[in-house]
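Asks: I am sharing query-v4.txt, which consists of compact mmCIF, C-alpha atoms:
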```
# COMPACT_ATOMS: atom_id res chain seq x y z
CA MET A 1 126.43 -40.64 -48.74
CA GLU A 2 122.82 -40.15 -49.76
CA LEU A 3 121.35 -37.10 -48.07
CA ALA A 4 117.70 -37.62 -49.00
CA PRO A 5 116.14 -40.90 -47.91
CA PRO A 6 115.08 -43.03 -50.90
CA ALA A 7 111.49 -43.17 -52.00
CA ASP A 8 110.65 -40.46 -49.51
CA PRO A 9 106.87 -40.01 -49.48
CA ARG A 10 107.25 -36.28 -48.92
CA VAL A 11 108.88 -35.82 -52.34
CA ALA A 12 107.07 -36.41 -55.61
CA PRO A 13 109.02 -38.57 -58.07
CA GLU A 14 109.21 -35.80 -60.65
CA SER A 15 110.79 -33.41 -58.15
CA ALA A 16 113.07 -35.78 -56.29
CA SER A 17 116.78 -35.29 -56.75
CA PRO A 18 118.83 -38.14 -58.22
CA ARG A 19 119.65 -40.86 -55.75
CA SER A 20 123.23 -41.49 -54.82
CA SER A 21 124.79 -44.66 -56.14
CA LEU A 22 125.80 -45.29 -52.52
CA TYR A 23 122.19 -45.90 -51.50
CA THR A 24 122.28 -49.41 -52.92
CA LEU A 25 123.12 -52.80 -51.49
CA ALA A 26 126.58 -52.60 -53.09
CA GLY A 27 127.14 -49.14 -51.60
CA PHE A 28 126.07 -50.25 -48.13
CA LYS A 29 128.23 -53.37 -48.27
CA ALA A 30 131.26 -51.32 -49.37
CA ALA A 31 130.74 -48.79 -46.57
CA TYR A 32 130.25 -51.62 -44.09
CA THR A 33 133.49 -53.30 -45.19
CA PHE A 34 135.51 -50.11 -44.86
CA ALA A 35 134.00 -49.40 -41.44
CA GLN A 36 135.02 -52.84 -40.18
CA VAL A 37 138.66 -52.66 -41.32
CA LEU A 38 139.52 -48.97 -40.86
CA PRO A 39 139.95 -47.23 -37.53
CA ARG A 40 136.99 -45.14 -36.46
CA SER A 41 139.04 -41.97 -36.87
CA ALA A 42 139.41 -42.70 -40.59
CA GLY A 43 135.66 -43.06 -41.03
CA GLN A 44 134.99 -39.89 -39.07
CA TRP A 45 137.38 -38.05 -41.42
CA LEU A 46 136.27 -39.59 -44.73
CA ALA A 47 132.49 -39.85 -44.37
CA PRO A 48 131.87 -36.08 -43.93
CA LYS A 49 133.87 -35.39 -47.10
CA ILE A 50 131.69 -37.83 -49.06
CA ALA A 51 128.53 -36.34 -47.55
CA LEU A 52 129.61 -32.78 -48.39
CA ALA A 53 130.43 -33.78 -51.97
CA SER A 54 126.93 -35.22 -52.36
CA TYR A 55 125.39 -32.14 -50.75
CA HIS A 56 127.17 -29.65 -53.00
CA ARG A 57 126.18 -31.38 -56.22
CA ARG A 58 122.47 -31.65 -55.38
CA ALA A 59 120.70 -28.31 -55.51
CA SER A 60 117.33 -29.65 -54.31
CA VAL A 61 118.93 -31.01 -51.14
CA ARG A 62 120.70 -27.71 -50.43
CA ILE A 63 117.52 -25.74 -50.92
CA ALA A 64 115.49 -28.06 -48.67
CA LEU A 65 118.05 -28.07 -45.87
CA GLU A 66 118.49 -24.30 -45.94
CA GLU A 67 114.74 -23.74 -45.84
CA ASN A 68 114.28 -26.22 -43.00
CA LEU A 69 117.08 -24.87 -40.83
CA HIS A 70 116.13 -21.26 -41.54
CA ARG A 71 112.68 -21.94 -40.11
CA VAL A 72 114.17 -23.71 -37.08
CA THR A 73 116.83 -21.11 -36.26
CA GLY A 74 115.99 -17.92 -38.16
CA GLU A 75 119.56 -17.88 -39.53
CA THR A 76 120.23 -16.44 -42.99
CA GLY A 77 123.16 -15.85 -45.31
CA ALA A 78 126.61 -17.07 -44.35
CA ALA A 79 125.53 -18.17 -40.88
CA LEU A 80 122.81 -20.40 -42.37
CA LYS A 81 125.18 -21.93 -44.90
CA ALA A 82 127.70 -22.64 -42.14
CA LEU A 83 125.00 -24.33 -40.07
CA CYS A 84 123.98 -26.47 -43.05
CA ARG A 85 127.58 -27.49 -43.61
CA GLN A 86 127.90 -28.44 -39.95
CA ASN A 87 124.69 -30.47 -40.27
CA VAL A 88 125.99 -32.43 -43.27
CA ILE A 89 129.31 -33.11 -41.51
CA HIS A 90 127.44 -34.54 -38.54
CA PHE A 91 125.34 -36.65 -40.89
CA GLY A 92 128.47 -38.13 -42.43
CA ARG A 93 129.91 -38.91 -39.00
CA MET A 94 126.65 -40.53 -37.92
CA MET A 95 126.59 -42.72 -41.03
CA ALA A 96 130.19 -43.81 -40.45
CA ASP A 97 129.22 -44.90 -36.96
CA TYR A 98 126.10 -46.63 -38.29
CA PHE A 99 128.25 -48.92 -40.43
CA LEU A 100 130.74 -49.33 -37.62
CA CYS A 101 127.97 -50.71 -35.39
CA ALA A 102 126.52 -53.03 -38.03
CA GLY A 103 129.15 -55.77 -37.68
CA MET A 104 129.83 -58.74 -35.46
CA ASP A 105 131.22 -56.54 -32.66
CA ALA A 106 128.27 -54.14 -32.81
CA ALA A 107 127.37 -54.40 -29.12
CA THR A 108 130.92 -53.74 -27.96
CA ARG A 109 131.37 -50.84 -30.35
CA ALA A 110 128.04 -49.33 -29.36
CA ASP A 111 129.10 -49.43 -25.73
CA GLN A 112 132.33 -47.67 -26.65
CA LEU A 113 130.47 -44.93 -28.54
CA LEU A 114 127.82 -44.31 -25.89
CA GLU A 115 129.19 -42.11 -23.13
CA GLU A 116 125.97 -41.42 -21.26
CA TRP A 117 122.51 -42.99 -21.00
CA ARG A 118 119.82 -40.99 -19.20
CA GLY A 119 116.16 -41.71 -18.53
CA LEU A 120 116.41 -45.47 -18.16
CA GLU A 121 113.98 -45.21 -15.26
CA HIS A 122 111.28 -43.95 -17.63
CA LEU A 123 111.65 -47.01 -19.85
CA GLU A 124 111.60 -49.30 -16.84
CA ALA A 125 108.43 -47.64 -15.53
CA ALA A 126 106.74 -48.01 -18.92
CA ARG A 127 107.63 -51.72 -19.03
CA ALA A 128 106.32 -52.14 -15.49
CA HIS A 129 103.03 -50.58 -16.62
CA GLY A 130 102.63 -53.75 -18.67
CA ARG A 131 100.89 -52.47 -21.79
CA GLY A 132 103.82 -51.93 -24.11
CA THR A 133 106.09 -48.98 -24.78
CA ILE A 134 106.17 -46.78 -27.87
CA VAL A 135 109.49 -44.98 -28.27
CA VAL A 136 109.16 -42.03 -30.64
CA THR A 137 112.14 -40.29 -32.14
CA ALA A 138 113.08 -38.09 -35.09
CA HIS A 139 115.64 -37.96 -37.88
CA LEU A 140 117.90 -36.46 -35.24
CA GLY A 141 121.29 -37.65 -34.09
CA HIS A 142 122.07 -41.38 -34.32
CA TRP A 143 118.65 -43.00 -33.95
CA GLU A 144 119.91 -46.45 -35.00
CA LEU A 145 122.40 -46.45 -32.12
CA GLY A 146 119.48 -46.03 -29.76
CA GLY A 147 118.02 -49.31 -31.00
CA VAL A 148 121.35 -51.09 -30.64
CA THR A 149 121.63 -49.81 -27.08
CA LEU A 150 118.19 -51.06 -26.08
CA ALA A 151 118.73 -54.47 -27.66
CA ARG A 152 122.21 -54.66 -26.11
CA HIS A 153 120.61 -54.49 -22.67
CA GLY A 154 118.02 -57.16 -23.38
CA TRP A 155 114.99 -55.00 -24.13
CA PRO A 156 112.57 -56.66 -26.62
CA LEU A 157 112.63 -54.14 -29.45
CA THR A 158 110.79 -53.82 -32.75
CA VAL A 159 111.56 -50.95 -35.12
CA VAL A 160 109.12 -49.60 -37.68
CA THR A 161 110.57 -48.90 -41.14
CA LEU A 162 109.66 -48.16 -44.72
CA GLU A 163 110.94 -50.37 -47.52
CA GLU A 164 114.34 -49.52 -48.95
CA PRO A 165 114.78 -48.80 -52.70
CA SER A 166 115.48 -52.48 -53.38
CA THR A 167 114.34 -55.71 -51.77
CA SER A 168 117.94 -56.83 -51.39
CA LEU A 169 118.87 -53.72 -49.41
CA THR A 170 115.76 -54.10 -47.24
CA ARG A 171 116.77 -57.66 -46.42
CA TRP A 172 120.36 -56.62 -45.68
CA ARG A 173 119.30 -53.96 -43.20
CA ASP A 174 116.73 -56.27 -41.60
CA ALA A 175 119.41 -58.95 -41.20
CA CYS A 176 121.78 -56.46 -39.55
CA ARG A 177 119.10 -55.55 -37.04
CA ALA A 178 118.12 -59.18 -36.46
CA HIS A 179 121.74 -60.02 -35.67
CA LEU A 180 121.50 -57.50 -32.84
CA GLY A 181 118.20 -58.90 -31.60
CA ILE A 182 116.09 -56.16 -33.18
CA ARG A 183 112.89 -57.11 -35.00
CA THR A 184 111.67 -55.08 -37.99
CA ILE A 185 108.12 -54.39 -39.11
CA ALA A 186 107.79 -52.66 -42.48
CA VAL A 187 104.89 -50.29 -43.09
CA GLY A 188 103.51 -48.60 -46.14
CA PRO A 189 101.99 -49.91 -49.37
CA GLY A 190 102.18 -53.69 -49.55
CA HIS A 191 102.03 -54.17 -45.79
CA PRO A 192 98.30 -54.12 -44.92
CA PHE A 193 98.66 -56.02 -41.63
CA SER A 194 101.56 -54.08 -40.12
CA PHE A 195 99.28 -52.17 -37.72
CA VAL A 196 97.90 -55.45 -36.38
CA GLU A 197 101.46 -56.75 -35.91
CA LEU A 198 102.37 -53.62 -33.96
CA ILE A 199 99.33 -53.98 -31.68
CA GLN A 200 100.25 -57.60 -30.99
CA THR A 201 103.83 -56.56 -30.22
CA LEU A 202 102.69 -53.98 -27.69
CA ARG A 203 100.23 -56.38 -26.09
CA ARG A 204 103.22 -58.63 -25.38
CA ASN A 205 104.57 -55.65 -23.39
CA GLU A 206 107.44 -55.13 -25.83
CA ILE A 207 108.95 -51.91 -27.17
CA VAL A 208 108.10 -50.41 -30.55
CA ALA A 209 110.38 -47.65 -31.84
CA MET A 210 109.47 -45.34 -34.71
CA LEU A 211 110.47 -42.13 -36.45
CA VAL A 212 107.51 -39.78 -36.55
CA ASP A 213 108.72 -36.49 -38.06
CA ARG A 214 108.32 -37.58 -41.69
CA PRO A 215 105.23 -39.79 -42.16
CA TYR A 216 104.47 -41.52 -45.41
CA ALA A 217 101.47 -40.26 -47.35
CA GLY A 218 98.11 -40.72 -45.69
CA THR A 219 99.41 -41.49 -42.19
CA GLY A 220 100.05 -38.01 -40.82
CA ALA A 221 98.05 -35.37 -39.02
CA PRO A 222 98.61 -31.62 -39.41
CA VAL A 223 100.57 -30.02 -36.57
CA GLN A 224 102.11 -26.66 -35.83
CA PHE A 225 105.88 -27.04 -35.90
CA PHE A 226 108.11 -23.98 -35.62
CA GLY A 227 105.16 -21.74 -36.40
CA ALA A 228 103.98 -23.43 -39.59
CA LYS A 229 101.90 -26.42 -40.53
CA THR A 230 103.45 -29.79 -41.37
CA GLU A 231 102.51 -33.40 -40.62
CA PHE A 232 103.62 -35.87 -37.96
CA SER A 233 102.79 -39.57 -37.87
CA THR A 234 99.53 -40.48 -36.15
CA ALA A 235 100.72 -44.04 -35.46
CA PRO A 236 101.88 -43.46 -31.86
CA ALA A 237 98.57 -41.91 -30.82
CA LEU A 238 96.53 -44.61 -32.55
CA LEU A 239 98.59 -47.46 -31.12
CA ALA A 240 98.44 -45.96 -27.65
CA HIS A 241 94.64 -45.67 -27.92
CA HIS A 242 94.25 -49.33 -28.91
CA THR A 243 96.73 -50.79 -26.43
CA GLY A 244 97.19 -48.40 -23.53
CA ALA A 245 100.92 -48.29 -24.28
CA MET A 246 102.98 -45.41 -22.97
CA VAL A 247 104.61 -43.07 -25.50
CA LEU A 248 108.15 -41.94 -24.66
CA PRO A 249 110.34 -39.56 -26.68
CA ALA A 250 113.97 -40.68 -26.90
CA PHE A 251 117.02 -39.40 -28.77
CA VAL A 252 120.72 -40.18 -29.26
CA LEU A 253 122.93 -37.15 -29.93
CA GLN A 254 126.61 -36.79 -30.71
CA LYS A 255 128.62 -34.79 -28.20
CA PRO A 256 131.50 -32.45 -29.10
CA ASN A 257 133.99 -35.17 -28.13
CA GLY A 258 132.55 -37.48 -30.81
CA ARG A 259 130.80 -39.86 -28.44
CA TYR A 260 127.05 -40.03 -27.85
CA VAL A 261 124.47 -39.36 -25.17
CA SER A 262 121.19 -41.31 -25.19
CA PHE A 263 118.21 -40.03 -23.25
CA ALA A 264 114.57 -40.97 -22.79
CA ASP A 265 112.10 -38.43 -21.44
CA PRO A 266 109.03 -39.14 -19.28
CA PRO A 267 105.91 -40.48 -21.04
CA ILE A 268 103.93 -37.94 -23.01
CA ASP A 269 100.63 -37.02 -21.37
CA LEU A 270 98.09 -38.03 -24.01
CA LEU A 271 94.35 -37.40 -24.02
CA GLU A 272 92.34 -40.47 -23.06
CA GLY A 273 88.72 -41.50 -23.02
CA LYS A 274 87.83 -40.18 -26.46
CA GLU A 275 87.31 -41.77 -29.83
CA PRO A 276 90.76 -42.02 -31.47
CA ARG A 277 89.98 -39.61 -34.29
CA SER A 278 88.75 -36.88 -31.98
CA ALA A 279 91.95 -36.95 -29.88
CA LEU A 280 94.31 -37.84 -32.71
CA GLY A 281 95.20 -34.29 -33.71
CA GLU A 282 95.78 -33.06 -30.16
CA ASN A 283 97.93 -36.05 -29.19
CA THR A 284 100.02 -35.80 -32.34
CA GLN A 285 100.50 -32.08 -31.66
CA ARG A 286 101.74 -32.86 -28.15
CA ILE A 287 104.42 -35.09 -29.65
CA ALA A 288 105.40 -32.42 -32.19
CA THR A 289 105.67 -29.76 -29.46
CA ILE A 290 108.15 -31.86 -27.50
CA PHE A 291 110.14 -32.57 -30.65
CA GLU A 292 110.26 -28.87 -31.47
CA SER A 293 112.23 -28.09 -28.31
CA ILE A 294 114.76 -30.88 -29.01
CA VAL A 295 115.25 -29.89 -32.66
CA ARG A 296 115.62 -26.22 -31.70
CA ALA A 297 118.46 -27.14 -29.35
CA HIS A 298 120.24 -29.38 -31.90
CA PRO A 299 119.57 -28.14 -35.46
CA HIS A 300 123.03 -29.28 -36.57
CA GLN A 301 121.91 -32.88 -35.97
CA TRP A 302 118.41 -32.77 -37.51
CA PHE A 303 118.89 -34.67 -40.76
CA ASN A 304 115.89 -33.75 -42.89
CA TYR A 305 116.95 -33.19 -46.49
CA VAL A 306 113.48 -32.85 -47.98
CA PRO A 307 111.00 -29.95 -47.58
CA VAL A 308 109.47 -30.58 -44.16
CA TRP A 309 106.81 -27.91 -44.49
CA THR A 310 105.59 -29.06 -47.90
CA ALA A 311 102.43 -31.12 -47.60
CA PRO A 312 102.86 -34.70 -48.87
CA LYS A 313 101.27 -35.55 -52.21
CA SER A 314 98.08 -37.57 -52.04
CA GLN A 315 98.24 -41.09 -53.43
```
Take the structure in this file and express it as C-alpha cells.

Replies:
Amino acid sequence: MELAPPADPRVAPESASPRSSLYTLAGFKAAYTFAQVLPRSAGQWLAPKIALASYHRRASVRIALEENLHRVTGETGAALKALCRQNVIHFGRMMADYFLCAGMDAATRADQLLEEWRGLEHLEAARAHGRGTIVVTAHLGHWELGGVTLARHGWPLTVVTLEEPSTSLTRWRDACRAHLGIRTIAVGPGHPFSFVELIQTLRRNEIVAMLVDRPYAGTGAPVQFFGAKTEFSTAPALLAHHTGAMVLPAFVLQKPNGRYVSFADPPIDLLEGKEPRSALGENTQRIATIFESIVRAHPHQWFNYVPVWTAPKSQ
C-alpha cells in the first residue's frame, strides 16, 4: 500500500519517492476485489504486512514519518521506530477497511465497523443554523468512513479532493463515493471554479468535508503546530467568511478492539467582522490548535508520510 499520497504538493517531484504500483486503478480494483471476497480478518492481517513492506523499502517515507512523529511525541531511538511501525500497521488496517466499505454493502459494513458515534448534536445544530456546515478533519484515523457514516444517515455531503495520479482512478473513486450518496468536488490546478461550487453547496445548507492538514501549494497559511511553523488550508476560514457556515472538527479513530469511534466537536469559534485576509491567519491557527491536541493523543493514527514541517514549493 502506498504510504505517500500521489502528486503530493508538499513534495517536489525530484525528491518524491517512487510511487507504489498499488496506487493505480488496477491496484485499487485488485484490493477492492480481495476485500469483497475475503473475511475482514484476512484483510486486517494482510494489509499491514503489505504496508510495512512498502515502508521498509522507501527511505524517504521512513525519514519523513520519523521526523513527524518525533516532533509530535518527542520519542527517539527504538521507541520512535516502534511508534512508526505501529502507525504503518494502523494505516494498513485502515486501507483494508476502506476497500471493504467501497462495495455494494458499504452502508451495512460501515455500520458494523462503527461502534460509537459522538457529537451528532453538534452537526444537527450546525444544520439548524441554516448556513451550511464545514467539517474539517486530518489525515488521521479512517476519514473516509466518516463520510460513509454521514451519507448513510441521509446527510447531504460533499467531499473536497485533489485529483488522483490518473483520470481513471479519479473517476473510480468518485464513482465509489457517488454510489454512497457522496458528491465530490476536485480542487487544485485545472479546477478554477471549485471555490464557487463549494460556496453554492454551503448556501444550500449542505455539508462540505475537507482535509486541512496538508494543503496544496498556494492555499495554506502559516501556523504554529507542535512548536514549529507549517501550513494548514485556509479554505475553511474563507468559506466560512463568505457563507456564514459553521466549522466543525470531526475524526474517526480505530479502537483497540478493531472497531471505530466517530466524533464531532463543537463549532470552532472563528473571528468575525473583519476582512477575510486580516482574520485568515488567526482562524486557521485556531483550527491547527484543535488538531494539535487530537494528533498528540493519537500519533499512531496520524498518516502523514511526507515532511509536514517543510514549506511547500512555490508553483

Asks: What separation in Å, quoted to one decimal, exists between atom CA of A:Glu272 and atom CA of A:Arg131?

Replies: 14.8 Å

Asks: Between atom CA of A:Ala217 and atom CA of A:Phe232, what is the distance in Å, rounded to a tenth?

Replies: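 So the answer is 10.6 Å.
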
Asks: With all atoms listed in the file as the basis for distance, which of A:Thr170, A:Asn304, A:Thr133, A:Thr33 is at the shortest distance from A:Ala240?

Replies: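 Smallest separation from A:Ala240 among the options: A:Thr133.
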
Asks: Nearest to A:Leu239: which of A:Glu292, A:Asp265, A:Asp97, A:Glu197 is it, counting all atoms listed in the file?

Replies: A:Glu197

Asks: Of the candidates A:Ile185, A:Leu248, A:Leu253, A:Ala128, which one gets nearest to A:Ile287 if we count only C-alpha atoms?

Replies: A:Leu248

Asks: Fewer than 5 positions away in the same chain doesn't count, so skip those; otherwise give me all residues within 10 Å of A:Ala26, counting all atoms listed in the file, as a PDB file with C-alpha atoms, keeping the file's coordinate frame.

Replies:
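Saved to around.pdb:
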```pdb
ATOM      1  CA  SER A  21     124.790 -44.660 -56.140  1.00  0.00           C
ATOM      2  CA  ALA A  31     130.740 -48.790 -46.570  1.00  0.00           C
ATOM      3  CA  TYR A  32     130.250 -51.620 -44.090  1.00  0.00           C
ATOM      4  CA  SER A 168     117.940 -56.830 -51.390  1.00  0.00           C
ATOM      5  CA  LEU A 169     118.870 -53.720 -49.410  1.00  0.00           C
TER       6      LEU A 169
END
```

Asks: Could you check which residues have any atom within 7 Å of (101.5, -37.7, -40.3), counting all atoms listed in the file with coordinates taken straight from the file, and then list them as an NGL selection string?

Replies: :A and (214-215 or 219-222 or 231-234)

Asks: Neighbouring residues of A:His191 were defined as those with any atom within 12 Å, considering all atoms listed in the file; residues of the same chain fewer than 5 positions away were excluded. Please report them as a list in words.

Replies: Val160, Thr161, Leu162, Glu163, Ile185, Ala186, Val196, Glu197 and Leu198 of chain A

Asks: In Å, rounded to a single decimal, give me how far atom CA of A:Gln254 is from atom CA of A:Glu116.

Replies: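 Atom CA of A:Glu116 sits 10.5 Å away from atom CA of A:Gln254.
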
Asks: Of the residues A:Val72, A:Ile50, A:Ile63, A:Val159, which is the one nearest to A:Ser293, using only C-alpha atoms?

Replies: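 When distances to A:Ser293 are compared using only C-alpha atoms, the smallest one comes from A:Val72.
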
Asks: For the contact check between stretch 162-219 of chain A and stretch 139-153 of chain A, emit one row per residue of stretch 162-219 of chain A within 12 Å, containing the shortest atom pair and the distance in Å rounded to one decimal, counting all atoms listed in the file, chain then rising number order, as a tab-separated table.

Replies:
```
residue	atom	partner	partner_atom	distance
A:Arg173	CA	A:Glu144	CA	11.1
A:Cys176	CA	A:Val148	CA	10.4
A:Arg177	CA	A:Val148	CA	8.1
A:Ala178	CA	A:Ala151	CA	10.0
A:His179	CA	A:Ala151	CA	10.2
A:Leu180	CA	A:Ala151	CA	6.6
A:Gly181	CA	A:Ala151	CA	6.0
A:Ile182	CA	A:Ala151	CA	6.3
A:Arg183	CA	A:Ala151	CA	9.7
A:Thr184	CA	A:Gly147	CA	11.1
A:Glu206	CA	A:Ala151	CA	11.5
A:Ile207	CA	A:Leu150	CA	9.3
A:Val208	CA	A:Gly147	CA	10.0
A:Ala209	CA	A:Gly147	CA	7.9
A:Met210	CA	A:Trp143	CA	9.5
A:Leu211	CA	A:His139	CA	6.8
A:Val212	CA	A:His139	CA	8.4
A:Asp213	CA	A:His139	CA	7.1
A:Arg214	CA	A:His139	CA	8.3
A:Pro215	CA	A:His139	CA	11.4
```

Asks: Would you save the residues of that selection, restricted to C-alpha atoms, as a PDB file, keeping the file's coordinate frame?

Replies:
```
ATOM      1  CA  ARG A 173     119.300 -53.960 -43.200  1.00  0.00           C
ATOM      2  CA  CYS A 176     121.780 -56.460 -39.550  1.00  0.00           C
ATOM      3  CA  ARG A 177     119.100 -55.550 -37.040  1.00  0.00           C
ATOM      4  CA  ALA A 178     118.120 -59.180 -36.460  1.00  0.00           C
ATOM      5  CA  HIS A 179     121.740 -60.020 -35.670  1.00  0.00           C
ATOM      6  CA  LEU A 180     121.500 -57.500 -32.840  1.00  0.00           C
ATOM      7  CA  GLY A 181     118.200 -58.900 -31.600  1.00  0.00           C
ATOM      8  CA  ILE A 182     116.090 -56.160 -33.180  1.00  0.00           C
ATOM      9  CA  ARG A 183     112.890 -57.110 -35.000  1.00  0.00           C
ATOM     10  CA  THR A 184     111.670 -55.080 -37.990  1.00  0.00           C
ATOM     11  CA  GLU A 206     107.440 -55.130 -25.830  1.00  0.00           C
ATOM     12  CA  ILE A 207     108.950 -51.910 -27.170  1.00  0.00           C
ATOM     13  CA  VAL A 208     108.100 -50.410 -30.550  1.00  0.00           C
ATOM     14  CA  ALA A 209     110.380 -47.650 -31.840  1.00  0.00           C
ATOM     15  CA  MET A 210     109.470 -45.340 -34.710  1.00  0.00           C
ATOM     16  CA  LEU A 211     110.470 -42.130 -36.450  1.00  0.00           C
ATOM     17  CA  VAL A 212     107.510 -39.780 -36.550  1.00  0.00           C
ATOM     18  CA  ASP A 213     108.720 -36.490 -38.060  1.00  0.00           C
ATOM     19  CA  ARG A 214     108.320 -37.580 -41.690  1.00  0.00           C
ATOM     20  CA  PRO A 215     105.230 -39.790 -42.160  1.00  0.00           C
TER      21      PRO A 215
END
```

Asks: Name all residues at most 9 Å from stretch 81-88 of chain A (count only C-alpha atoms; drop same-chain ones fewer than 3 positions away) and give them as a tab-separated table (two decimals) with C-alpha atoms, in the frame of the given file.

Replies:
```tsv
chain	number	residue	atom	x	y	z
A	3	LEU	CA	121.35	-37.10	-48.07
A	48	PRO	CA	131.87	-36.08	-43.93
A	51	ALA	CA	128.53	-36.34	-47.55
A	52	LEU	CA	129.61	-32.78	-48.39
A	55	TYR	CA	125.39	-32.14	-50.75
A	62	ARG	CA	120.70	-27.71	-50.43
A	65	LEU	CA	118.05	-28.07	-45.87
A	66	GLU	CA	118.49	-24.30	-45.94
A	69	LEU	CA	117.08	-24.87	-40.83
A	75	GLU	CA	119.56	-17.88	-39.53
A	76	THR	CA	120.23	-16.44	-42.99
A	77	GLY	CA	123.16	-15.85	-45.31
A	78	ALA	CA	126.61	-17.07	-44.35
A	91	PHE	CA	125.34	-36.65	-40.89
A	92	GLY	CA	128.47	-38.13	-42.43
A	93	ARG	CA	129.91	-38.91	-39.00
A	299	PRO	CA	119.57	-28.14	-35.46
A	300	HIS	CA	123.03	-29.28	-36.57
A	301	GLN	CA	121.91	-32.88	-35.97
A	302	TRP	CA	118.41	-32.77	-37.51
A	303	PHE	CA	118.89	-34.67	-40.76
```

Asks: Which is closer to A:Ala107 than all the others in A:Gly154, A:Gly130, A:Gly43, A:Gly281, using all atoms listed in the file?

Replies: A:Gly154

Asks: Could you work out an axis-aligned bounding box for all listed atoms of stretch 140-158 of chain A, with 6 Å added on each of the six sides, and give its centre and edge lengths in Å to one decimal, as AutoDock Vina command-line options?

Replies:
```
--center_x 116.6 --center_y -46.8 --center_z -29.0 --size_x 23.6 --size_y 32.7 --size_z 24.6
```

Asks: Could you tell me which of A:Pro156, A:Gly258, A:Pro236, A:Pro249 comes closest to A:Leu280 if we count all atoms listed in the file?

Replies: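 Among A:Pro156, A:Gly258, A:Pro236, A:Pro249, it is A:Pro236 that comes nearest to A:Leu280.
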
Asks: What lies within 12 Å of A:Pro266 using all atoms listed in the file, ignoring chain neighbours under 4 positions off, as JSON, numbers by chain?

Replies: {"A": [118, 119, 120, 121, 122, 123, 124, 125, 126, 133, 134, 135, 136, 246, 247, 248, 249, 250, 270, 290]}
